[in-house]
file run-v1.cif (mmCIF, C-alpha atoms)
data_my_file
#
loop_
_atom_site.label_atom_id
_atom_site.label_comp_id
_atom_site.auth_asym_id
_atom_site.auth_seq_id
_atom_site.Cartn_x
_atom_site.Cartn_y
_atom_site.Cartn_z
CA MET J 1 -49.65 98.86 -58.49
CA LEU J 2 -50.53 99.51 -54.84
CA ILE J 3 -51.08 103.10 -53.78
CA GLY J 4 -47.93 103.07 -51.64
CA LYS J 5 -45.76 101.92 -54.52
CA LYS J 6 -47.25 104.61 -56.75
CA LEU J 7 -46.57 107.28 -54.13
CA ALA J 8 -42.98 106.12 -53.77
CA GLU J 9 -42.45 106.05 -57.54
CA ALA J 10 -44.00 109.50 -57.98
CA ARG J 11 -41.69 110.90 -55.29
CA ARG J 12 -38.66 109.25 -56.90
CA ARG J 13 -39.55 110.60 -60.34
CA ILE J 14 -39.71 114.14 -59.02
CA GLY J 15 -36.47 113.75 -57.07
CA LEU J 16 -37.67 114.58 -53.55
CA THR J 17 -36.74 113.03 -50.21
CA LEU J 18 -39.36 112.10 -47.63
CA GLU J 19 -38.12 115.03 -45.56
CA ALA J 20 -38.70 117.44 -48.44
CA VAL J 21 -42.20 116.07 -49.06
CA GLY J 22 -42.95 116.41 -45.35
CA GLN J 23 -41.95 120.07 -45.41
CA LYS J 24 -44.10 120.77 -48.46
CA THR J 25 -47.19 118.91 -47.23
CA GLU J 26 -46.83 119.21 -43.42
CA ILE J 27 -47.39 115.45 -43.20
CA GLY J 28 -45.21 113.63 -40.66
CA LEU J 29 -42.30 111.47 -41.82
CA SER J 30 -43.64 108.36 -40.10
CA SER J 31 -46.98 108.78 -41.87
CA LEU J 32 -45.29 109.28 -45.24
CA SER J 33 -43.21 106.16 -44.66
CA ASP J 34 -46.30 104.17 -43.70
CA PHE J 35 -48.10 105.35 -46.85
CA GLU J 36 -45.25 104.31 -49.15
CA ASN J 37 -44.87 100.93 -47.45
CA ASP J 38 -48.63 100.27 -47.66
CA LYS J 39 -48.95 99.99 -43.91
CA ARG J 40 -51.88 102.39 -44.09
CA GLU J 41 -53.51 104.61 -46.69
CA PRO J 42 -53.53 108.42 -46.59
CA LYS J 43 -56.76 110.27 -45.97
CA PHE J 44 -58.05 112.02 -49.05
CA HIS J 45 -56.95 115.49 -47.95
CA GLN J 46 -53.45 114.09 -47.38
CA LEU J 47 -53.49 112.35 -50.75
CA LYS J 48 -54.53 115.62 -52.38
CA LYS J 49 -51.54 117.40 -50.86
CA LEU J 50 -49.20 114.67 -52.07
CA ALA J 51 -50.76 114.67 -55.54
CA ASP J 52 -50.22 118.43 -55.83
CA VAL J 53 -46.55 118.04 -54.94
CA TYR J 54 -46.13 115.18 -57.42
CA HIS J 55 -47.93 117.04 -60.25
CA ARG J 56 -50.61 114.40 -60.66
CA PRO J 57 -54.35 114.24 -59.99
CA ALA J 58 -55.29 112.48 -56.75
CA THR J 59 -57.40 110.02 -58.73
CA PHE J 60 -54.23 108.73 -60.41
CA PHE J 61 -53.11 107.10 -57.14
CA LEU J 62 -56.51 105.48 -56.65
CA SER J 63 -56.65 103.96 -60.14
CA ASP J 64 -54.82 101.23 -62.02
CA GLU J 65 -53.46 103.78 -64.46
CA PRO J 66 -49.72 103.21 -65.00
CA PHE J 67 -47.13 105.94 -65.06
CA GLY J 68 -47.11 107.65 -68.42
CA SER J 69 -45.50 105.76 -71.27
CA ALA J 70 -45.57 108.65 -73.75
CA VAL J 71 -42.24 109.42 -75.38
CA VAL J 72 -41.01 112.90 -74.53
CA LEU J 73 -38.43 113.76 -77.18
CA TRP J 74 -35.55 115.95 -75.99
CA ARG J 75 -33.03 117.94 -77.94
CA GLN J 76 -30.67 117.19 -75.06
CA LYS J 77 -32.11 115.33 -72.11
CA PRO J 78 -31.30 116.92 -68.72
CA THR J 79 -28.90 114.84 -66.67
CA GLU J 80 -30.87 115.57 -63.48
CA GLY J 81 -34.59 115.89 -62.86
CA ALA J 82 -35.67 114.90 -66.38
CA GLU J 83 -38.48 112.63 -65.15
CA ALA J 84 -39.92 115.35 -62.93
CA ILE J 85 -39.88 117.84 -65.82
CA GLU J 86 -41.53 115.28 -68.10
CA ASP J 87 -44.21 114.45 -65.53
CA ARG J 88 -45.13 118.10 -65.11
CA PHE J 89 -45.09 118.67 -68.88
CA LEU J 90 -47.37 115.69 -69.54
CA ARG J 91 -49.71 116.66 -66.74
CA LEU J 92 -50.08 120.16 -68.19
CA CYS J 93 -50.84 118.58 -71.57
CA GLU J 94 -53.54 116.41 -70.00
CA GLN J 95 -55.05 119.42 -68.21
CA TYR J 96 -55.08 121.36 -71.49
CA ARG J 97 -56.90 118.44 -73.14
CA ASN J 98 -59.44 118.32 -70.30
CA LEU J 99 -60.16 122.04 -70.58
CA GLU J 100 -60.76 121.71 -74.33
CA GLN J 101 -63.15 118.81 -73.80
CA TRP J 102 -65.01 120.49 -70.94
CA THR J 103 -65.58 123.65 -72.98
CA GLY J 104 -66.24 121.80 -76.23
CA ASP J 105 -63.46 123.77 -77.93
CA VAL J 106 -61.08 121.15 -79.32
CA LEU J 107 -58.62 122.25 -82.01
CA THR J 108 -57.11 119.66 -84.33
CA PRO J 109 -53.65 120.44 -85.76
CA ARG J 110 -53.95 121.15 -89.48
CA LEU J 111 -50.30 121.25 -90.45
CA PRO J 112 -48.67 119.38 -93.36
CA GLU J 113 -46.93 116.34 -91.91
CA ALA J 114 -44.01 114.71 -93.69
CA ALA J 115 -45.14 111.59 -95.53
CA SER J 116 -43.29 108.34 -94.93
CA GLN J 117 -41.22 107.26 -97.91
CA SER J 118 -38.67 104.64 -98.87
CA ARG J 119 -35.74 107.04 -98.89
CA ALA J 120 -34.40 109.06 -95.98
CA LEU J 121 -35.53 112.67 -95.64
CA THR J 122 -33.16 115.23 -97.10
CA TYR J 123 -32.34 118.85 -96.31
CA ASN J 124 -34.37 119.83 -99.36
CA ASP J 125 -37.35 117.95 -97.89
CA ALA J 126 -36.97 119.98 -94.69
CA GLU J 127 -36.90 123.24 -96.67
CA VAL J 128 -39.98 122.29 -98.69
CA LEU J 129 -41.83 121.34 -95.50
CA ALA J 130 -40.93 124.71 -93.96
CA ALA J 131 -42.38 126.51 -96.98
CA GLU J 132 -45.58 124.45 -96.76
CA VAL J 133 -46.02 125.25 -93.07
CA ALA J 134 -45.40 128.96 -93.66
CA LYS J 135 -47.99 128.99 -96.44
CA GLU J 136 -50.55 127.01 -94.44
CA LEU J 137 -50.25 129.38 -91.47
CA GLY J 138 -49.94 132.56 -93.56
CA LEU J 139 -46.83 133.62 -91.65
CA GLY J 140 -45.64 136.29 -94.10
CA ASP J 141 -42.07 137.55 -94.47
CA LYS J 142 -41.16 137.54 -90.77
CA PRO J 143 -42.57 134.22 -89.49
CA GLY J 144 -40.89 134.22 -86.08
CA PHE J 145 -43.04 136.98 -84.64
CA ASP J 146 -46.36 135.25 -85.31
CA LEU J 147 -45.43 131.57 -85.15
CA MET J 148 -46.31 130.85 -81.51
CA ARG J 149 -49.70 132.57 -81.63
CA ARG J 150 -50.71 130.81 -84.85
CA LEU J 151 -49.64 127.39 -83.58
CA GLU J 152 -51.53 127.85 -80.30
CA ASP J 153 -54.65 129.67 -81.44
CA ASP J 154 -55.20 128.12 -84.88
CA CYS J 155 -53.62 124.68 -84.60
CA GLY J 156 -54.17 123.77 -80.96
CA ILE J 157 -50.51 122.96 -80.34
CA ARG J 158 -49.84 123.15 -76.62
CA ILE J 159 -46.77 125.26 -75.89
CA PHE J 160 -45.41 125.57 -72.37
CA LEU J 161 -42.42 127.38 -70.93
CA ASP J 162 -40.44 126.09 -67.98
CA SER J 163 -36.92 126.66 -66.67
CA PHE J 164 -34.46 123.79 -66.56
CA GLU J 165 -30.86 122.84 -67.30
CA PRO J 166 -29.19 122.67 -69.70
CA THR J 167 -30.69 125.87 -71.09
CA GLY J 168 -29.86 124.92 -74.66
CA THR J 169 -32.55 122.27 -74.90
CA ALA J 170 -36.28 121.85 -75.46
CA ALA J 171 -38.72 118.96 -75.77
CA CYS J 172 -41.92 117.83 -77.46
CA VAL J 173 -44.51 115.05 -77.31
CA LYS J 174 -47.17 113.79 -79.68
CA SER J 175 -49.82 111.24 -78.74
CA ASP J 176 -53.58 110.73 -78.72
CA GLU J 177 -53.58 111.43 -75.00
CA HIS J 178 -51.36 114.50 -74.92
CA GLY J 179 -51.94 115.97 -78.36
CA TRP J 180 -49.17 117.95 -80.05
CA ALA J 181 -47.13 119.75 -77.41
CA ILE J 182 -43.85 121.63 -77.10
CA LEU J 183 -41.84 122.51 -73.99
CA LEU J 184 -39.53 125.53 -74.30
CA ASN J 185 -36.92 126.69 -71.83
CA GLY J 186 -38.07 129.91 -70.19
CA GLY J 187 -34.49 130.72 -69.25
CA ASN J 188 -33.41 131.16 -72.87
CA PRO J 189 -33.32 134.45 -74.81
CA VAL J 190 -36.47 135.10 -76.83
CA CYS J 191 -34.68 134.60 -80.15
CA ARG J 192 -33.52 131.18 -78.98
CA GLN J 193 -37.05 130.27 -77.86
CA ARG J 194 -38.36 131.12 -81.34
CA TYR J 195 -35.73 128.91 -82.94
CA ASP J 196 -36.43 126.06 -80.51
CA LEU J 197 -40.16 126.39 -81.21
CA ALA J 198 -39.56 125.92 -84.95
CA HIS J 199 -37.04 123.13 -84.27
CA GLU J 200 -39.47 121.15 -82.08
CA LEU J 201 -42.29 121.74 -84.55
CA PHE J 202 -40.28 119.79 -87.13
CA HIS J 203 -40.07 116.80 -84.78
CA LEU J 204 -43.86 116.84 -84.44
CA LEU J 205 -44.33 116.97 -88.21
CA VAL J 206 -42.04 113.97 -88.81
CA TRP J 207 -43.16 112.03 -85.71
CA GLY J 208 -44.83 109.31 -87.76
CA ILE J 209 -41.57 108.65 -89.58
CA TYR J 210 -38.97 108.70 -86.81
CA ARG J 211 -41.11 107.47 -83.89
CA ALA J 212 -42.72 104.64 -85.84
CA LYS J 213 -42.27 100.91 -85.15
CA GLY J 214 -41.96 101.26 -81.41
CA ASN J 215 -39.06 103.73 -81.39
CA THR J 216 -39.01 104.98 -77.78
CA ALA J 217 -35.70 106.86 -77.89
CA SER J 218 -35.93 110.05 -75.85
CA VAL J 219 -33.31 111.89 -77.93
CA ALA J 220 -33.46 112.32 -81.71
CA SER J 221 -30.75 111.03 -84.00
CA GLU J 222 -28.02 113.38 -85.21
CA HIS J 223 -29.46 113.35 -88.73
CA GLU J 224 -32.97 114.22 -87.53
CA GLU J 225 -31.52 117.06 -85.43
CA LYS J 226 -29.72 118.47 -88.47
CA LEU J 227 -32.94 118.29 -90.48
CA ALA J 228 -34.77 120.08 -87.66
CA ASN J 229 -32.14 122.84 -87.70
CA THR J 230 -32.58 123.21 -91.46
CA PHE J 231 -36.36 123.36 -91.10
CA ALA J 232 -36.15 125.98 -88.34
CA SER J 233 -33.74 128.17 -90.31
CA CYS J 234 -35.83 127.98 -93.48
CA LEU J 235 -39.07 128.67 -91.61
CA LEU J 236 -37.80 131.66 -89.64
CA LEU J 237 -35.59 133.07 -92.42
CA PRO J 238 -37.42 132.40 -95.71
CA ARG J 239 -35.11 132.77 -98.71
CA GLU J 240 -36.73 135.61 -100.68
CA PRO J 241 -37.54 137.92 -97.72
CA LEU J 242 -34.01 137.33 -96.42
CA LEU J 243 -32.43 138.23 -99.77
CA LYS J 244 -34.58 141.34 -99.90
CA ALA J 245 -33.50 142.40 -96.40
CA LEU J 246 -29.83 141.82 -97.24
CA SER J 247 -30.10 143.76 -100.50
CA ARG J 248 -30.92 146.93 -98.58
CA PHE J 249 -27.40 146.89 -97.15
CA GLN J 250 -25.43 145.48 -100.11
CA ASN J 251 -22.91 147.59 -101.99
CA ALA J 252 -21.97 147.34 -105.67
CA GLU J 253 -19.54 144.53 -104.92
CA GLY J 254 -22.24 142.41 -103.26
CA ALA J 255 -21.06 142.88 -99.67
CA ILE J 256 -22.85 144.12 -96.54
CA PRO J 257 -21.34 145.87 -93.51
CA GLY J 258 -20.79 143.56 -90.55
CA SER J 259 -22.58 146.10 -88.37
CA ALA J 260 -25.81 145.40 -90.31
CA VAL J 261 -26.00 141.75 -89.23
CA PRO J 262 -27.41 142.37 -85.71
CA GLU J 263 -30.04 144.71 -87.17
CA ILE J 264 -31.16 142.16 -89.79
CA ALA J 265 -31.26 139.44 -87.12
CA ARG J 266 -33.46 141.72 -84.99
CA GLN J 267 -35.83 142.30 -87.91
CA PHE J 268 -36.43 138.55 -88.22
CA GLY J 269 -36.42 137.89 -84.47
CA VAL J 270 -33.51 135.44 -84.64
CA SER J 271 -29.99 135.26 -83.23
CA ILE J 272 -26.85 136.38 -85.02
CA ASP J 273 -25.80 132.72 -85.17
CA ALA J 274 -29.01 131.66 -86.90
CA LEU J 275 -28.82 134.50 -89.42
CA VAL J 276 -25.19 134.00 -90.43
CA TRP J 277 -25.60 130.23 -90.80
CA ARG J 278 -28.67 130.83 -92.98
CA ILE J 279 -26.60 133.23 -95.11
CA HIS J 280 -23.93 130.54 -95.29
CA THR J 281 -26.49 128.15 -96.82
CA VAL J 282 -28.38 130.58 -99.06
CA TYR J 283 -25.20 131.93 -100.67
CA GLY J 284 -23.68 128.50 -101.15
CA TRP J 285 -20.66 128.94 -98.95
CA SER J 286 -18.72 125.67 -98.98
CA LYS J 287 -18.32 123.19 -96.14
CA ASP J 288 -14.65 124.15 -96.03
CA ARG J 289 -15.77 127.59 -94.91
CA GLN J 290 -17.61 126.41 -91.80
CA GLU J 291 -14.78 127.23 -89.38
CA SER J 292 -14.43 130.66 -90.97
CA THR J 293 -18.19 131.18 -90.55
CA ARG J 294 -17.95 130.30 -86.86
CA ALA J 295 -15.11 132.77 -86.39
CA LEU J 296 -17.08 135.40 -88.33
CA ILE J 297 -20.06 134.93 -85.99
CA ALA J 298 -17.81 135.34 -82.95
CA ALA J 299 -16.31 138.52 -84.40
CA ILE J 300 -19.72 140.05 -85.16
CA LYS J 301 -21.08 139.19 -81.72
CA ALA J 302 -18.01 140.62 -80.02
CA ASP J 303 -18.35 143.87 -81.97
CA SER J 304 -22.14 144.26 -81.80
CA ARG J 305 -23.95 146.44 -79.31
CA SER J 306 -27.03 145.28 -77.44
CA THR J 307 -30.27 146.76 -78.74
CA GLY J 308 -32.04 146.11 -75.45
CA ALA J 309 -34.12 143.25 -74.09
CA GLU J 310 -36.78 141.77 -76.35
CA GLU J 311 -40.39 141.46 -75.38
CA PRO J 312 -41.14 137.99 -73.93
CA LEU J 313 -42.87 135.49 -76.18
CA ARG J 314 -45.87 135.61 -73.90
CA ASP J 315 -47.16 137.20 -70.71
CA GLY J 316 -48.07 134.91 -67.85
CA LYS J 317 -47.16 131.39 -66.88
CA PHE J 318 -49.62 129.52 -69.09
CA PRO J 319 -50.63 129.77 -72.77
CA PRO J 320 -53.31 132.48 -73.26
CA ARG J 321 -55.70 129.92 -74.75
CA TYR J 322 -55.17 127.59 -71.79
CA GLN J 323 -56.02 130.47 -69.44
CA SER J 324 -59.06 131.45 -71.48
CA LEU J 325 -60.36 127.86 -71.53
CA ALA J 326 -59.89 127.55 -67.78
CA ILE J 327 -61.89 130.73 -67.16
CA ARG J 328 -64.63 129.61 -69.55
CA ALA J 329 -64.85 126.24 -67.82
CA LEU J 330 -65.10 127.99 -64.46
CA LYS J 331 -67.72 130.50 -65.62
CA GLU J 332 -69.79 127.80 -67.31
CA GLY J 333 -69.76 125.63 -64.20
CA GLU J 334 -67.73 122.84 -65.81
CA ILE J 335 -65.08 122.97 -63.08
CA SER J 336 -65.06 124.05 -59.45
CA THR J 337 -63.01 126.90 -58.02
CA GLY J 338 -60.79 124.26 -56.44
CA LYS J 339 -60.10 122.61 -59.80
CA PHE J 340 -59.50 126.02 -61.37
CA ALA J 341 -57.03 126.87 -58.62
CA GLU J 342 -55.25 123.56 -59.24
CA TYR J 343 -55.04 124.03 -63.00
CA MET J 344 -53.94 127.68 -62.81
CA GLU J 345 -51.74 127.16 -59.75
CA VAL J 346 -53.35 129.96 -57.77
CA SER J 347 -54.94 130.09 -54.33
CA ARG J 348 -58.60 129.16 -53.81
CA ARG J 349 -59.26 132.73 -52.68
CA HIS J 350 -57.85 134.03 -55.94
CA ALA J 351 -59.91 131.49 -57.87
CA MET J 352 -63.07 132.61 -56.09
CA SER J 353 -62.35 136.27 -56.89
CA ILE J 354 -61.96 135.36 -60.57
CA ALA J 355 -65.21 133.38 -60.52
CA GLU J 356 -66.96 136.50 -59.28
CA ALA J 357 -65.15 138.87 -61.65
CA GLY J 358 -66.29 140.21 -64.99
CA THR J 359 -65.12 139.32 -68.47
CA ASN J 360 -61.64 140.79 -67.88
CA ALA J 361 -60.77 137.99 -65.46
CA LEU J 362 -57.98 136.80 -67.73
CA ASP J 363 -55.93 139.86 -66.81
CA GLU J 364 -56.03 138.84 -63.17
CA VAL J 365 -54.45 135.46 -63.93
CA ARG J 366 -51.49 136.72 -66.04
CA LEU J 367 -49.63 136.45 -63.45
CA GLU J 368 -13.56 134.05 -76.88
CA ALA J 369 -10.91 133.29 -78.58
CA GLN J 370 -10.94 133.69 -82.39
CA SER J 371 -8.95 131.55 -84.82
CA GLU J 372 -8.85 134.36 -87.39
CA GLU J 373 -9.36 138.12 -87.39
CA TYR J 374 -12.00 139.70 -89.58
CA SER J 375 -12.63 143.19 -90.77
CA LEU J 376 -16.23 144.02 -89.96
CA ASP J 377 -16.35 146.82 -92.49
CA GLU J 378 -18.05 144.49 -94.94
CA ILE J 379 -18.96 140.83 -95.51
CA SER J 380 -18.85 139.42 -99.01
CA LEU J 381 -21.96 137.43 -99.87
CA THR J 382 -20.50 135.76 -102.93
CA ALA J 383 -20.33 131.97 -103.04
CA ALA J 384 -17.12 130.35 -101.83
#
call {"tool": "encode", "arguments": {"input": "run-v1.cif", "output": "structure tokens"}}
result
Amino acid sequence: MLIGKKLAEARRRIGLTLEAVGQKTEIGLSSLSDFENDKREPKFHQLKKLADVYHRPATFFLSDEPFGSAVVLWRQKPTEGAEAIEDRFLRLCEQYRNLEQWTGDVLTPRLPEAASQSRALTYNDAEVLAAEVAKELGLGDKPGFDLMRRLEDDCGIRIFLDSFEPTGTAACVKSDEHGWAILLNGGNPVCRQRYDLAHELFHLLVWGIYRAKGNTASVASEHEEKLANTFASCLLLPREPLLKALSRFQNAEGAIPGSAVPEIARQFGVSIDALVWRIHTVYGWSKDRQESTRALIAAIKADSRSTGAEEPLRDGKFPPRYQSLAIRALKEGEISTGKFAEYMEVSRRHAMSIAEAGTNALDEVRLEAQSEEYSLDEISLTAA
């Protein structure tokens, strides 16, 4: 593909007009038009500006490399700007891979993947897989609070946060080129981000089953999504620790006060919705009770009081390990200050100050209607 065609395609994928690109790069419209129509080629400093806007390395436009063919799997694909989000996500994955290779610090995921079998995966399979992951990572009784750090620091899974619509979605990718990576929505509450992290982790663990034989679908099937929900619930709310937490509030009749639900959810770092649906499953409430469970959740949420904002999942724009690798690469002379500035999205002046700083340089980078009424005095936990 000629350089002009690649520039035009990159602009289209990110959803910008020539006028918008001109404003961002201070390159004239006539020049931009000439570049895209292959009437003349941009000078390298102009190409670098365009590459920065399009979230790609300048060398990409000078090579025969095609636009990425990796499958980015969405929980719900955005109706607008999905390609631009995917391009940025994949580029960050590639940069993460480069930093690992330049520093010689490559982590290989060591998680138990679901084995392909003749029968379809079941909800029990998802629960067993969740238990295996929790054991492998040593997550303890409250897995949600340590899951991100263990996945990033011990397993090398690349986890990025970005803001996009709809907020109730997330994405993941798995390939030799991009590794294992998850994209969370930074606009979501922390408890939702934890759930989405566990949900997307399931997709990575079953990738070889559902993405096999050339399956390039960008959205998972309904059955796979339900399995991912089961996995996430079982991982974040393991059965025995959950029963133990509930027992602290149970009375002689086996019921807990509705006011205790938000507190138990806070202890596990999950939402009220996730907790009540997990209770629904653990206590064997019937399918016929699903509508009642939804109404119960609405009643509890309407009656609960906010306990204050949670701490964010992480400080800074990039994963701590990504930042640490970038600083190591800079200090060890593997990358220039310009490349560091590009990867960390900071100014060259800032990059130079970090190159000259001491070992604490990382700190400088961290940049309503209800169908039924319920009494919330107590909730029976007996099977229905």
call {"tool": "resolve_selection", "arguments": {"input": "run-v1.cif", "expression": "the PyMOL selection byres ((chain J and resi 205-211) around 10)", "output": "PDB file with C-alpha atoms, keeping the file's coordinate frame"}}
result
ATOM      1  CA  VAL J  71     -42.240 109.420 -75.380  1.00  0.00           C
ATOM      2  CA  LEU J  73     -38.430 113.760 -77.180  1.00  0.00           C
ATOM      3  CA  LEU J 111     -50.300 121.250 -90.450  1.00  0.00           C
ATOM      4  CA  PRO J 112     -48.670 119.380 -93.360  1.00  0.00           C
ATOM      5  CA  GLU J 113     -46.930 116.340 -91.910  1.00  0.00           C
ATOM      6  CA  ALA J 114     -44.010 114.710 -93.690  1.00  0.00           C
ATOM      7  CA  ALA J 115     -45.140 111.590 -95.530  1.00  0.00           C
ATOM      8  CA  SER J 116     -43.290 108.340 -94.930  1.00  0.00           C
ATOM      9  CA  GLN J 117     -41.220 107.260 -97.910  1.00  0.00           C
ATOM     10  CA  ALA J 120     -34.400 109.060 -95.980  1.00  0.00           C
ATOM     11  CA  LEU J 121     -35.530 112.670 -95.640  1.00  0.00           C
ATOM     12  CA  ALA J 126     -36.970 119.980 -94.690  1.00  0.00           C
ATOM     13  CA  LEU J 129     -41.830 121.340 -95.500  1.00  0.00           C
ATOM     14  CA  VAL J 133     -46.020 125.250 -93.070  1.00  0.00           C
ATOM     15  CA  VAL J 173     -44.510 115.050 -77.310  1.00  0.00           C
ATOM     16  CA  LYS J 174     -47.170 113.790 -79.680  1.00  0.00           C
ATOM     17  CA  SER J 175     -49.820 111.240 -78.740  1.00  0.00           C
ATOM     18  CA  TRP J 180     -49.170 117.950 -80.050  1.00  0.00           C
ATOM     19  CA  GLU J 200     -39.470 121.150 -82.080  1.00  0.00           C
ATOM     20  CA  LEU J 201     -42.290 121.740 -84.550  1.00  0.00           C
ATOM     21  CA  PHE J 202     -40.280 119.790 -87.130  1.00  0.00           C
ATOM     22  CA  HIS J 203     -40.070 116.800 -84.780  1.00  0.00           C
ATOM     23  CA  LEU J 204     -43.860 116.840 -84.440  1.00  0.00           C
ATOM     24  CA  ALA J 212     -42.720 104.640 -85.840  1.00  0.00           C
ATOM     25  CA  LYS J 213     -42.270 100.910 -85.150  1.00  0.00           C
ATOM     26  CA  GLY J 214     -41.960 101.260 -81.410  1.00  0.00           C
ATOM     27  CA  ASN J 215     -39.060 103.730 -81.390  1.00  0.00           C
ATOM     28  CA  THR J 216     -39.010 104.980 -77.780  1.00  0.00           C
ATOM     29  CA  ALA J 217     -35.700 106.860 -77.890  1.00  0.00           C
ATOM     30  CA  SER J 218     -35.930 110.050 -75.850  1.00  0.00           C
ATOM     31  CA  ALA J 220     -33.460 112.320 -81.710  1.00  0.00           C
ATOM     32  CA  SER J 221     -30.750 111.030 -84.000  1.00  0.00           C
ATOM     33  CA  GLU J 224     -32.970 114.220 -87.530  1.00  0.00           C
ATOM     34  CA  ALA J 228     -34.770 120.080 -87.660  1.00  0.00           C
TER      35      ALA J 228
END
call {"tool": "residues_around", "arguments": {"input": "run-v1.cif", "residues": "segment 316-329 of chain J", "least_positions_apart": "4", "cutoff": "9 Å", "atoms": "all atoms listed in the file", "output": "PyMOL selection string"}}
result
chain J and resi 95-96+99-100+102-103+105+152-153+156+158-162+333-336+340+343-344+354-355+361-362+365-367
call {"tool": "write_last_selection", "arguments": {"input": "run-v1.cif", "atoms": "C-alpha atoms", "output": "PDB file, in the frame of the given file"}}
result
ATOM      1  CA  GLN J  95     -55.050 119.420 -68.210  1.00  0.00           C
ATOM      2  CA  TYR J  96     -55.080 121.360 -71.490  1.00  0.00           C
ATOM      3  CA  LEU J  99     -60.160 122.040 -70.580  1.00  0.00           C
ATOM      4  CA  GLU J 100     -60.760 121.710 -74.330  1.00  0.00           C
ATOM      5  CA  TRP J 102     -65.010 120.490 -70.940  1.00  0.00           C
ATOM      6  CA  THR J 103     -65.580 123.650 -72.980  1.00  0.00           C
ATOM      7  CA  ASP J 105     -63.460 123.770 -77.930  1.00  0.00           C
ATOM      8  CA  GLU J 152     -51.530 127.850 -80.300  1.00  0.00           C
ATOM      9  CA  ASP J 153     -54.650 129.670 -81.440  1.00  0.00           C
ATOM     10  CA  GLY J 156     -54.170 123.770 -80.960  1.00  0.00           C
ATOM     11  CA  ARG J 158     -49.840 123.150 -76.620  1.00  0.00           C
ATOM     12  CA  ILE J 159     -46.770 125.260 -75.890  1.00  0.00           C
ATOM     13  CA  PHE J 160     -45.410 125.570 -72.370  1.00  0.00           C
ATOM     14  CA  LEU J 161     -42.420 127.380 -70.930  1.00  0.00           C
ATOM     15  CA  ASP J 162     -40.440 126.090 -67.980  1.00  0.00           C
ATOM     16  CA  GLY J 333     -69.760 125.630 -64.200  1.00  0.00           C
ATOM     17  CA  GLU J 334     -67.730 122.840 -65.810  1.00  0.00           C
ATOM     18  CA  ILE J 335     -65.080 122.970 -63.080  1.00  0.00           C
ATOM     19  CA  SER J 336     -65.060 124.050 -59.450  1.00  0.00           C
ATOM     20  CA  PHE J 340     -59.500 126.020 -61.370  1.00  0.00           C
ATOM     21  CA  TYR J 343     -55.040 124.030 -63.000  1.00  0.00           C
ATOM     22  CA  MET J 344     -53.940 127.680 -62.810  1.00  0.00           C
ATOM     23  CA  ILE J 354     -61.960 135.360 -60.570  1.00  0.00           C
ATOM     24  CA  ALA J 355     -65.210 133.380 -60.520  1.00  0.00           C
ATOM     25  CA  ALA J 361     -60.770 137.990 -65.460  1.00  0.00           C
ATOM     26  CA  LEU J 362     -57.980 136.800 -67.730  1.00  0.00           C
ATOM     27  CA  VAL J 365     -54.450 135.460 -63.930  1.00  0.00           C
ATOM     28  CA  ARG J 366     -51.490 136.720 -66.040  1.00  0.00           C
ATOM     29  CA  LEU J 367     -49.630 136.450 -63.450  1.00  0.00           C
TER      30      LEU J 367
END
call {"tool": "closest_residue", "arguments": {"input": "run-v1.cif", "among": "J:Ile297, J:Ala181, J:Leu381, J:Val106", "to": "Trp277 of chain J", "atoms": "all atoms listed in the file"}}
result
J:Ile297
call {"tool": "closest_residue", "arguments": {"input": "run-v1.cif", "among": "J:Ala260, J:Tyr123, J:Leu137, J:Ala255", "to": "Leu227 of chain J", "atoms": "all atoms listed in the file"}}
result
J:Tyr123
call {"tool": "resolve_selection", "arguments": {"input": "run-v1.cif", "expression": "the PyMOL selection byres ((chain J and resi 168) around 9)", "output": "list in words"}}
result
Arg75, Gln76, Glu165, Pro166, Thr167, Thr169, Ala170, Asn185, Asn188, Arg192 and Asp196 of chain J
call {"tool": "resolve_selection", "arguments": {"input": "run-v1.cif", "expression": "the PyMOL selection byres ((chain J and resi 6-12) around 9)", "output": "PyMOL selection string"}}
result
chain J and resi 1-5+13-18+21+35-37+50-51+53-56+60-61+66-67+83-84
call {"tool": "write_last_selection", "arguments": {"input": "run-v1.cif", "atoms": "C-alpha atoms", "output": "short mmCIF file (atom, residue, chain, number, x, y, z; two decimals), keeping the file's coordinate frame"}}
result
data_model
loop_
_atom_site.label_atom_id
_atom_site.label_comp_id
_atom_site.auth_asym_id
_atom_site.auth_seq_id
_atom_site.Cartn_x
_atom_site.Cartn_y
_atom_site.Cartn_z
CA MET J 1 -49.65 98.86 -58.49
CA LEU J 2 -50.53 99.51 -54.84
CA ILE J 3 -51.08 103.10 -53.78
CA GLY J 4 -47.93 103.07 -51.64
CA LYS J 5 -45.76 101.92 -54.52
CA ARG J 13 -39.55 110.60 -60.34
CA ILE J 14 -39.71 114.14 -59.02
CA GLY J 15 -36.47 113.75 -57.07
CA LEU J 16 -37.67 114.58 -53.55
CA THR J 17 -36.74 113.03 -50.21
CA LEU J 18 -39.36 112.10 -47.63
CA VAL J 21 -42.20 116.07 -49.06
CA PHE J 35 -48.10 105.35 -46.85
CA GLU J 36 -45.25 104.31 -49.15
CA ASN J 37 -44.87 100.93 -47.45
CA LEU J 50 -49.20 114.67 -52.07
CA ALA J 51 -50.76 114.67 -55.54
CA VAL J 53 -46.55 118.04 -54.94
CA TYR J 54 -46.13 115.18 -57.42
CA HIS J 55 -47.93 117.04 -60.25
CA ARG J 56 -50.61 114.40 -60.66
CA PHE J 60 -54.23 108.73 -60.41
CA PHE J 61 -53.11 107.10 -57.14
CA PRO J 66 -49.72 103.21 -65.00
CA PHE J 67 -47.13 105.94 -65.06
CA GLU J 83 -38.48 112.63 -65.15
CA ALA J 84 -39.92 115.35 -62.93
#
